[in-house]
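Q: Structure: run.txt, compact mmCIF, C-alpha atoms.
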```txt
# COMPACT_ATOMS: atom_id res chain seq x y z
CA MET A 1227 18.05 31.59 27.16
CA LYS A 1228 14.95 33.59 28.06
CA ASP A 1229 14.39 34.52 24.39
CA VAL A 1230 14.27 30.95 23.05
CA LYS A 1231 11.05 30.20 21.17
CA LEU A 1232 12.14 27.16 19.16
CA VAL A 1233 13.87 23.94 20.27
CA VAL A 1234 15.14 21.51 17.62
CA THR A 1235 16.72 18.18 18.43
CA ASP A 1236 18.15 15.30 16.49
CA MET A 1237 16.93 11.83 17.49
CA ASP A 1238 19.54 9.02 17.39
CA GLY A 1239 22.55 9.75 19.59
CA THR A 1240 20.85 12.90 20.87
CA LEU A 1241 17.30 12.67 22.23
CA LEU A 1242 17.22 8.87 22.02
CA ASN A 1243 19.43 6.84 24.35
CA SER A 1244 21.53 3.89 23.18
CA ASN A 1245 18.45 1.66 23.37
CA HIS A 1246 16.69 4.04 20.93
CA ASP A 1247 14.25 5.17 23.63
CA VAL A 1248 12.97 8.62 24.62
CA SER A 1249 13.11 9.20 28.37
CA SER A 1250 9.94 9.73 30.41
CA LYS A 1251 11.71 12.83 31.75
CA PHE A 1252 11.63 14.39 28.29
CA PHE A 1253 7.86 13.95 27.99
CA GLU A 1254 7.44 15.69 31.36
CA LEU A 1255 9.66 18.56 30.25
CA PHE A 1256 7.75 18.83 26.98
CA LYS A 1257 4.62 19.81 28.93
CA ASP A 1258 6.59 22.73 30.37
CA LEU A 1259 7.90 23.74 26.93
CA LYS A 1260 4.35 23.79 25.64
CA GLN A 1261 3.21 25.85 28.63
CA GLN A 1262 5.95 28.39 27.84
CA ASN A 1263 4.84 28.50 24.15
CA ILE A 1264 8.17 27.08 22.98
CA GLN A 1265 7.79 25.18 19.69
CA PHE A 1266 9.46 21.75 19.58
CA VAL A 1267 10.87 20.19 16.41
CA ALA A 1268 12.26 16.67 16.01
CA ALA A 1269 14.80 16.68 13.16
CA SER A 1270 16.19 13.30 12.15
CA GLY A 1271 17.57 11.18 9.37
CA ARG A 1272 14.82 8.75 10.32
CA PRO A 1273 11.64 8.54 8.25
CA TYR A 1274 8.51 10.38 9.35
CA TYR A 1275 6.63 7.29 10.57
CA SER A 1276 9.58 6.20 12.72
CA ILE A 1277 9.83 9.58 14.45
CA VAL A 1278 6.08 9.49 15.09
CA GLU A 1279 6.47 6.06 16.73
CA LYS A 1280 9.11 7.44 19.12
CA LEU A 1281 7.14 10.61 19.95
CA GLN A 1282 3.61 9.23 19.72
CA PRO A 1283 2.23 10.98 22.86
CA ILE A 1284 3.14 14.45 21.53
CA LYS A 1285 2.97 13.94 17.75
CA ASN A 1286 0.10 16.43 17.31
CA ASP A 1287 1.95 19.19 19.18
CA ILE A 1288 5.29 19.10 17.35
CA ILE A 1289 6.82 19.62 13.92
CA ILE A 1290 8.70 16.71 12.39
CA VAL A 1291 11.68 17.15 10.07
CA ALA A 1292 12.34 13.69 8.60
CA GLU A 1293 14.89 12.22 6.17
CA ASN A 1294 17.56 14.83 7.05
CA GLY A 1295 15.31 17.70 6.00
CA GLY A 1296 13.77 16.04 2.96
CA LEU A 1297 10.34 16.11 4.56
CA ILE A 1298 8.67 18.53 6.98
CA ILE A 1299 5.30 17.55 8.43
CA LYS A 1300 3.03 19.20 11.00
CA ASN A 1301 -0.23 17.52 12.04
CA GLU A 1302 0.08 15.22 9.02
CA ASN A 1303 0.26 18.22 6.68
CA VAL A 1304 3.33 18.19 4.43
CA LEU A 1305 5.01 21.60 4.61
CA LEU A 1306 8.05 20.64 2.52
CA SER A 1307 9.08 17.64 0.43
CA ASN A 1308 12.35 17.33 -1.51
CA LYS A 1309 12.29 14.28 -3.80
CA LEU A 1310 15.31 12.89 -5.57
CA ASN A 1311 15.28 13.71 -9.29
CA PRO A 1312 13.63 10.68 -10.95
CA ASN A 1313 15.91 11.08 -13.98
CA ARG A 1314 18.96 10.10 -11.93
CA LEU A 1315 17.44 7.33 -9.87
CA LEU A 1316 18.32 4.37 -12.08
CA GLU A 1317 21.93 5.56 -12.32
CA LEU A 1318 22.08 5.97 -8.52
CA TYR A 1319 20.45 2.57 -8.01
CA LYS A 1320 23.13 0.91 -10.14
CA LEU A 1321 25.90 2.72 -8.25
CA VAL A 1322 24.76 1.95 -4.72
CA THR A 1323 23.74 -1.65 -5.38
CA ASN A 1324 27.25 -2.40 -6.64
CA LEU A 1325 29.11 -1.10 -3.59
CA GLU A 1326 30.79 -3.89 -1.64
CA ASN A 1327 29.41 -4.71 1.83
CA THR A 1328 26.92 -1.83 1.49
CA TYR A 1329 23.18 -2.20 1.96
CA PRO A 1330 20.95 0.44 0.33
CA ILE A 1331 17.51 1.51 1.58
CA PHE A 1332 15.30 3.64 -0.65
CA CYS A 1333 13.28 5.97 1.56
CA THR A 1334 9.85 7.35 0.67
CA LYS A 1335 7.28 9.26 2.72
CA ASN A 1336 5.31 6.22 3.85
CA GLN A 1337 7.72 3.28 3.63
CA ALA A 1338 11.24 2.07 2.83
CA PHE A 1339 12.21 -0.23 -0.01
CA ILE A 1340 14.98 -2.57 1.13
CA LEU A 1341 17.06 -4.63 -1.27
CA ARG A 1342 16.92 -8.27 -0.23
CA ALA A 1343 19.24 -8.82 2.77
CA SER A 1344 19.74 -11.28 5.63
CA ASP A 1345 17.11 -11.55 8.36
CA ASP A 1346 19.60 -10.12 10.87
CA LEU A 1347 20.14 -7.01 8.75
CA ILE A 1348 16.43 -6.57 8.10
CA ASN A 1349 15.93 -6.72 11.86
CA THR A 1350 18.57 -4.00 12.33
CA PHE A 1351 16.99 -1.81 9.65
CA SER A 1352 13.50 -2.21 11.07
CA GLU A 1353 14.48 -0.20 14.17
CA TYR A 1354 14.70 2.81 11.83
CA TYR A 1355 12.46 1.72 8.94
CA SER A 1356 9.56 -0.11 10.56
CA VAL A 1357 7.38 0.09 7.44
CA TYR A 1358 9.19 -1.55 4.54
CA THR A 1359 8.95 -3.67 1.40
CA ILE A 1360 11.69 -6.11 0.38
CA ILE A 1361 12.60 -5.71 -3.30
CA ASP A 1362 14.78 -7.49 -5.85
CA CYS A 1363 14.96 -4.83 -8.54
CA PHE A 1364 14.58 -1.10 -9.22
CA GLU A 1365 11.21 -1.46 -10.96
CA GLU A 1366 9.59 -2.58 -7.68
CA ILE A 1367 10.03 0.88 -6.13
CA THR A 1368 6.62 2.48 -6.54
CA ASP A 1369 6.88 5.78 -4.63
CA ASP A 1370 8.87 9.02 -4.91
CA ILE A 1371 12.28 8.56 -3.27
CA ILE A 1372 13.30 11.28 -0.82
CA LYS A 1373 16.58 9.74 0.34
CA ILE A 1374 18.85 6.75 -0.23
CA ALA A 1375 20.31 5.45 3.04
CA LEU A 1376 23.43 3.29 2.79
CA TYR A 1377 24.32 0.97 5.65
CA HIS A 1378 27.74 -0.52 6.43
CA THR A 1379 28.21 -3.14 9.14
CA THR A 1380 31.38 -1.56 10.56
CA ASN A 1381 32.19 2.03 9.50
CA SER A 1382 30.29 4.10 6.96
CA GLU A 1383 32.68 7.07 7.05
CA ALA A 1384 35.69 4.94 6.10
CA GLN A 1385 34.03 2.31 3.91
CA ILE A 1386 31.13 3.99 2.06
CA PHE A 1387 31.67 7.76 2.00
CA PRO A 1388 34.86 7.71 -0.14
CA LEU A 1389 32.99 5.74 -2.83
CA VAL A 1390 30.06 8.14 -3.12
CA LYS A 1391 31.47 11.57 -2.20
CA HIS A 1392 32.04 12.29 -5.91
CA LEU A 1393 28.26 12.80 -6.16
CA LYS A 1394 28.68 16.13 -4.36
CA PRO A 1395 27.84 18.96 -4.96
CA GLU A 1396 25.08 17.85 -7.36
CA LEU A 1397 23.68 15.78 -4.50
CA ASN A 1398 23.94 15.99 -0.73
CA VAL A 1399 26.05 13.10 0.55
CA VAL A 1400 26.46 12.99 4.32
CA VAL A 1401 27.73 10.60 6.99
CA SER A 1402 24.72 10.51 9.33
CA GLY A 1403 25.87 7.84 11.78
CA ASN A 1404 28.60 5.29 12.44
CA HIS A 1405 26.89 2.86 10.04
CA TRP A 1406 25.06 5.27 7.72
CA VAL A 1407 25.65 7.49 4.70
CA ASP A 1408 22.66 9.35 3.22
CA ILE A 1409 22.17 10.61 -0.34
CA SER A 1410 19.52 13.22 -1.17
CA GLU A 1411 18.94 16.31 -3.28
CA ALA A 1412 21.60 19.02 -2.91
CA ILE A 1413 19.19 21.38 -1.14
CA THR A 1414 18.19 18.72 1.38
CA ASN A 1415 19.73 19.18 4.80
CA LYS A 1416 18.47 19.93 8.29
CA GLY A 1417 19.83 23.48 8.11
CA ASN A 1418 17.73 24.41 5.08
CA ALA A 1419 14.73 22.76 6.71
CA LEU A 1420 15.27 24.76 9.91
CA THR A 1421 15.70 28.02 7.96
CA PHE A 1422 12.41 27.28 6.19
CA LEU A 1423 10.67 26.76 9.56
CA GLN A 1424 12.21 29.85 11.12
CA LYS A 1425 10.74 31.94 8.28
CA GLN A 1426 7.36 30.20 8.58
CA LEU A 1427 7.24 30.72 12.34
CA ASN A 1428 8.85 34.18 12.31
CA ILE A 1429 11.55 33.00 14.72
CA THR A 1430 15.18 34.12 14.48
CA PRO A 1431 18.39 32.10 14.99
CA SER A 1432 18.91 34.02 18.26
CA GLU A 1433 15.58 32.57 19.45
CA THR A 1434 16.53 29.02 18.44
CA MET A 1435 18.12 26.15 20.39
CA VAL A 1436 19.50 23.06 18.57
CA PHE A 1437 20.96 19.72 19.71
CA GLY A 1438 22.94 17.30 17.54
CA ASP A 1439 25.59 14.59 17.48
CA TYR A 1440 26.54 13.74 13.89
CA ASN A 1441 27.56 15.30 10.57
CA ASN A 1442 23.99 15.53 9.28
CA ASP A 1443 23.36 18.01 12.13
CA LEU A 1444 26.10 20.48 11.16
CA GLU A 1445 24.00 22.80 9.00
CA MET A 1446 21.20 23.15 11.53
CA LEU A 1447 23.62 23.82 14.41
CA LYS A 1448 24.81 26.86 12.44
CA CYS A 1449 21.22 28.19 12.37
CA ALA A 1450 20.93 28.65 16.14
CA LYS A 1451 22.49 30.90 18.75
CA TYR A 1452 22.12 28.09 21.29
CA SER A 1453 23.79 25.15 19.51
CA TYR A 1454 24.63 22.09 21.60
CA ALA A 1455 26.84 19.11 20.80
CA MET A 1456 26.28 15.96 22.80
CA GLU A 1457 29.22 14.61 24.80
CA ASN A 1458 29.10 11.57 22.48
CA ALA A 1459 29.10 13.75 19.32
CA HIS A 1460 31.36 13.47 16.28
CA PRO A 1461 34.39 15.83 16.53
CA ASN A 1462 33.04 17.89 13.59
CA VAL A 1463 29.88 18.60 15.58
CA LYS A 1464 31.80 19.67 18.68
CA ALA A 1465 33.84 22.03 16.49
CA VAL A 1466 30.71 23.75 15.14
CA ALA A 1467 28.48 23.85 18.24
CA ASP A 1468 28.82 26.72 20.71
CA PHE A 1469 28.01 24.58 23.74
CA GLU A 1470 28.33 20.98 24.89
CA THR A 1471 26.00 18.93 27.08
CA GLU A 1472 26.04 15.45 28.62
CA SER A 1473 25.73 12.34 26.46
CA ASN A 1474 22.46 10.95 25.12
CA ASP A 1475 22.62 8.24 27.82
CA ASN A 1476 22.97 10.88 30.54
CA ASN A 1477 19.95 12.97 29.52
CA GLY A 1478 22.05 15.71 27.93
CA VAL A 1479 19.09 17.29 26.12
CA GLU A 1480 16.88 17.17 29.19
CA LEU A 1481 19.51 18.87 31.39
CA VAL A 1482 19.60 21.90 29.08
CA LEU A 1483 15.81 21.96 28.68
CA GLU A 1484 15.47 22.16 32.47
CA GLN A 1485 17.69 25.27 32.42
CA LEU A 1486 15.67 26.71 29.54
CA ILE A 1487 12.35 26.19 31.32
CA THR A 1488 13.71 27.74 34.53
CA GLU A 1489 14.87 30.83 32.59
CA SER A 1490 11.58 31.09 30.67
CA ARG A 1491 9.54 30.99 33.87
CA LYS A 1492 11.59 33.82 35.37
CA HIS A 1493 10.57 36.07 32.47
```
Output the file's structure in the form of structure tokens.
A:
Amino acid sequence: MKDVKLVVTDMDGTLLNSNHDVSSKFFELFKDLKQQNIQFVAASGRPYYSIVEKLQPIKNDIIIVAENGGLIIKNENVLLSNKLNPNRLLELYKLVTNLENTYPIFCTKNQAFILRASDDLINTFSEYYSVYTIIDCFEEITDDIIKIALYHTTNSEAQIFPLVKHLKPELNVVVSGNHWVDISEAITNKGNALTFLQKQLNITPSETMVFGDYNNDLEMLKCAKYSYAMENAHPNVKAVADFETESNDNNGVELVLEQLITESRKH
């Protein structure tokens, strides 16, 4: 571990506990990471502004990979932005708005556009998309769309994914959580985002540590020598990761970071 220069972690189900909170322990450990000159990256399916809300105290010291790799921002400077091809958007809009029991959210850099839904659902969505506009039709979407997030009340993998997987490989279609399926440009994934950052920072996979729990983390786990699946991770993630740590509710990320900091200090 002594060679690690870059730590990348997913948010929901990984760094965040089941209440969607970051532990105070993590913020303490972050000070040590910074002292050891280890770069920290938060990589999530969440939008940029939502990740900033969760990591507000350290937002100026980290790199944020938002929308599953569709957006990379450091100190409010956009390093990478993959927008969905505007020529296909109307066709995609028609497809996703006609799926039964499926609620689409159209994600842009600064806000989400949510098709009219019940107050309960809007409340659920606002945990992830705190800045949003309710819309009734496609023409009301005014910004470039980076990702379309599809929500299912029970099981996205069983109920949504089979109806949209035909969009691959022209688009990236991934199950990103128990309730979520995300659609973005084919090149958009956390792995490509991480590879981009590794080149920018001149850091190799053998100097990289990654944590994840769901299928949208698979590509980035393959980009790191130190790849960790959470105890609560999807079986696909456990199959790809080289190591496993405790669950997100048992500070699994923090336990490994403590080991990393101890090793770094020795050297």
Q: Determine the nearest neighbour of Val1357 of chain A from the options A:Asn1294, A:Gln1337, A:Ser1276, A:Ser1249, counting all atoms listed in the file.
A: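 Answer, going by the shortest atom-to-atom distance: A:Gln1337.
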Q: In the coordinate frame of the file, compute which residues have an atom within 12 Å of (19.5, 14.9, 20.0) when using all atoms listed in the file, and state them as JSON, numbers by chain.
A: {"A": [1233, 1234, 1235, 1236, 1237, 1238, 1239, 1240, 1241, 1242, 1243, 1244, 1246, 1247, 1248, 1249, 1252, 1267, 1268, 1269, 1270, 1271, 1435, 1436, 1437, 1438, 1439, 1440, 1442, 1443, 1446, 1447, 1453, 1454, 1455, 1456, 1457, 1458, 1459, 1463, 1470, 1471, 1472, 1473, 1474, 1475, 1476, 1477, 1478, 1479, 1480, 1482, 1483]}
Q: Which of these residues is nearest to Leu1306 of chain A, using only C-alpha atoms: A:Asn1324, A:Gln1485, A:Thr1421, A:Asn1441?
A: A:Thr1421
Q: Which residue gives the smallest distance to Val1400 of chain A among A:Ala1465, A:Ile1348, A:Leu1341, A:Leu1444, with all atoms listed in the file counted?
A: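 That would be A:Leu1444, the residue with the smallest distance to Val1400 of chain A.
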Q: Counting all atoms listed in the file, what is within 9 Å of Leu1297 of chain A, bar same-chain residues fewer than 2 positions away, as a list in words?
A: Pro1273, Tyr1274, Ile1290, Val1291, Ala1292, Glu1293, Asn1294, Gly1295, Ile1299, Val1304, Leu1305, Leu1306, Ser1307, Asn1308, Lys1309, Lys1335, Ile1372, Thr1414 and Ala1419 of chain A
Q: Just the number, please: distance in Å from atom CA of Tyr1377 of chain A to atom CA of Lys1416 of chain A, one decimal.
A: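 Atom-to-atom, atom CA of Tyr1377 of chain A to atom CA of Lys1416 of chain A, that is 20.0 Å.
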Q: Given all atoms listed in the file as the basis, pick out the residue of A:His1378, A:Lys1300, A:Arg1272, A:Lys1257 nearest to Ala1338 of chain A.
A: A:Arg1272
Q: Can you work out which one of A:Thr1323, A:Thr1334, A:Glu1411, A:Lys1464 has the shortest atom-to-atom distance to Asp1369 of chain A, counting all atoms listed in the file?
A: A:Thr1334
Q: Please, what distance in Å, to one decimal, runs between atom CA of Leu1232 of chain A and atom CA of Thr1434 of chain A?
A: 4.8 Å
Q: Any idea what's packed within 8 Å of Ile1413 of chain A, counting all atoms listed in the file, ignoring anything in its chain fewer than 5 positions away? Could you give it as a list in words?
A: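 Residues near the query, excluding close chain neighbours: Asn1308, Leu1397, Asn1398 and Asn1418 of chain A.
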Q: Give me, please, the distance in Å between atom CA of Phe1256 of chain A and atom CA of Cys1449 of chain A, quoted to one decimal.
A: 22.0 Å
Q: Closest to Phe1364 of chain A among A:Ala1467, A:Leu1321, A:Leu1423, A:Val1230, using only C-alpha atoms?
A: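 Closest to Phe1364 of chain A of all the choices is A:Leu1321.
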Q: If we count all atoms listed in the file, what is near Glu1433 of chain A at a cut-off of 9 Å, once residues fewer than 4 positions away on the same chain are taken out, given as a short mmCIF file (atom, residue, chain, number, x, y, z; two decimals) with C-alpha atoms, keeping the file's coordinate frame?
A:
```cif
data_model
loop_
_atom_site.label_atom_id
_atom_site.label_comp_id
_atom_site.auth_asym_id
_atom_site.auth_seq_id
_atom_site.Cartn_x
_atom_site.Cartn_y
_atom_site.Cartn_z
CA MET A 1227 18.05 31.59 27.16
CA LYS A 1228 14.95 33.59 28.06
CA ASP A 1229 14.39 34.52 24.39
CA VAL A 1230 14.27 30.95 23.05
CA LYS A 1231 11.05 30.20 21.17
CA LEU A 1232 12.14 27.16 19.16
CA VAL A 1233 13.87 23.94 20.27
CA ILE A 1429 11.55 33.00 14.72
CA ALA A 1450 20.93 28.65 16.14
CA LYS A 1451 22.49 30.90 18.75
CA TYR A 1452 22.12 28.09 21.29
#
```
